[in-house]
Every structure is written in structure tokens, then in C-alpha cells.
Amino acid sequence: MTTENESTSTRTSEYSETAKAFWKHPLNLGPMLQPDGYARVVGECSDVMQIYLRIQNNRIVESRFDTDGCLATVSAGSMAVALSQGKSIDEAEAITAQDILDGLDGLPEDHEHCARLAATTLRMALADARKLAREPWKKQYRH
Ligand code: FES
């Protein structure tokens with residue numbers, strides 16, 4: 001019989017050291033007040049990813065994420081914000097799920113969708129930033 005702890009450690013062993021490091025010490029985890037770009041996306045597994053962007057002069061000066069997902073989701077969200085930090089909106093829009101997977105030295109095949117969720121959420125937060133830039137007065141109504 002396999003205990004829950006044995007099962008968890010077996011699964012953890014399938015992850016790269018980079019993915020585990022981004023899970024254990026996630027970069028910029030937690031919300032941001034009055035973001036310049038924001039998106040909340042529910043993944044195919046029902047996990048939720050949120051990304052918050054602070055943008056100055058068309059460049060991402062701060063990028064944060066939040067999720068209720070698993071190790072892979074936390075790692076993917078953390079890598080997405082790491083990759084987007086300091087980039088222009090155009091540059092960040094080019095970040096793909098494969099870039100996130102490459103940055104993490106891969107994820108188990110059955111968790112590659114976590115990278116797709118992070119990439120989709122980032123792309124939608126960037127689209128939101130473009131929209132808010134056209135109507136900046138709306139920022140005051142954001143929480
Ligand atoms: Fe659901 Fe990772 S397991 S997004």
C-alpha cells in the first residue's frame with residue numbers, strides 16, 4: 001500500500017531541479033494593487049492562474065502571479081513572471097508555453113498544460129494592459 005507521502009515524493013522525483021526550485025521559492029507570488037495589466041484564467045483542470053503587471057514606458061517593471069494549483073502550476077507561473085520581467089509588451093507577448101517549459105527544464109508530460117495555463121494568462125494580462133493603456137482613467141477603479 002502506498003501512503004500519501006510516498007506518492008507525493010514519487011511524483012516530486014519526476015520534476016527537474018529547476019522546476020522544484022521555482023516551486024519551493026516562487027518569484028513574485030501574490031497579488032498587486034491596481035495593476036496595469038491583469039488576467040484570471042481557469043485551466044482545463046479547474047486550477048486558477050492570475051497574473052498582475054506593472055508597466056512603465058511600455059516595459060514590465062513588475063510581474064506577479066497567484067494560483068491555487070499544484071507544484072507544476074506554481075513553477076510555471078513563477079517562470080512566466082520571471083521571463084516577462086523587464087520586457088516590453090511586444091517582447092512579453094512572444095513568450096510561449098514552450099519557453100516556460102524550457103526555462104523549467106521541462107515538466108512531466110501530464111503537467112505540460114500548466115505551462116499553457118501560465119502562458120495564456122500572461123498573454124491575456126498583456127492584452128488587458130493594452131486595453132487599459134487606451135482608457136487609463138479606468139485604473140482608479142481597480143483593486
Ligand atoms: Fe492544473 Fe497544473 S495541474 S494547471
# chains A, B, ... in the order shown; residues from 1 in each chain; ligands from 1
call {"tool": "residues_near_ligand", "arguments": {"ligand": "ligand 1", "cutoff": "7 Å", "atoms": "only C-alpha atoms and all ligand atoms", "output": "PDB file with C-alpha atoms, in the first residue's frame"}}
result
ATOM      1  CA  GLY A  43      -7.329  25.973 -16.711  1.00  0.00           C
ATOM      2  CA  GLU A  44      -8.641  22.773 -18.245  1.00  0.00           C
ATOM      3  CA  CYS A  45      -8.100  21.089 -14.844  1.00  0.00           C
ATOM      4  CA  SER A  46     -10.057  23.862 -12.997  1.00  0.00           C
ATOM      5  CA  ASP A  47      -6.901  25.371 -11.473  1.00  0.00           C
ATOM      6  CA  GLY A  69      -2.671  24.921  -8.474  1.00  0.00           C
ATOM      7  CA  CYS A  70      -0.070  22.250  -7.858  1.00  0.00           C
ATOM      8  CA  ALA A  72       3.815  22.381 -11.697  1.00  0.00           C
ATOM      9  CA  THR A  73       1.380  25.288 -11.796  1.00  0.00           C
ATOM     10  CA  HIS A 111       1.561  18.589 -16.405  1.00  0.00           C
ATOM     11  CA  HIS A 113      -0.775  22.004 -19.591  1.00  0.00           C
ATOM     12  CA  CYS A 114       0.303  24.026 -16.519  1.00  0.00           C
ATOM     13  CA  LEU A 117      -2.171  27.970 -18.491  1.00  0.00           C
TER      14      LEU A 117
END
call {"tool": "select_by_dssp", "arguments": {"residues": "chain A", "states": "strand (DSSP E or B)", "output": "PyMOL selection string"}}
result
chain A and resi 29+37-42+48-56+59-67+88
call {"tool": "closest_residue", "arguments": {"among": "A:His25, A:Arg116, A:Arg54, A:Arg11", "to": "A:Lys87", "atoms": "only C-alpha atoms"}}
result
A:Arg54
call {"tool": "atom_distance", "arguments": {"atom1": "atom CA of A:Ser63", "atom2": "atom CA of A:Leu107"}}
result
22.1 Å
call {"tool": "select_by_dssp", "arguments": {"residues": "chain A", "states": "helix (DSSP H, G or I)", "output": "NGL selection string"}}
result
:A and (4-12 or 17-24 or 71-84 or 89-93 or 97-103 or 109-134 or 136-141)
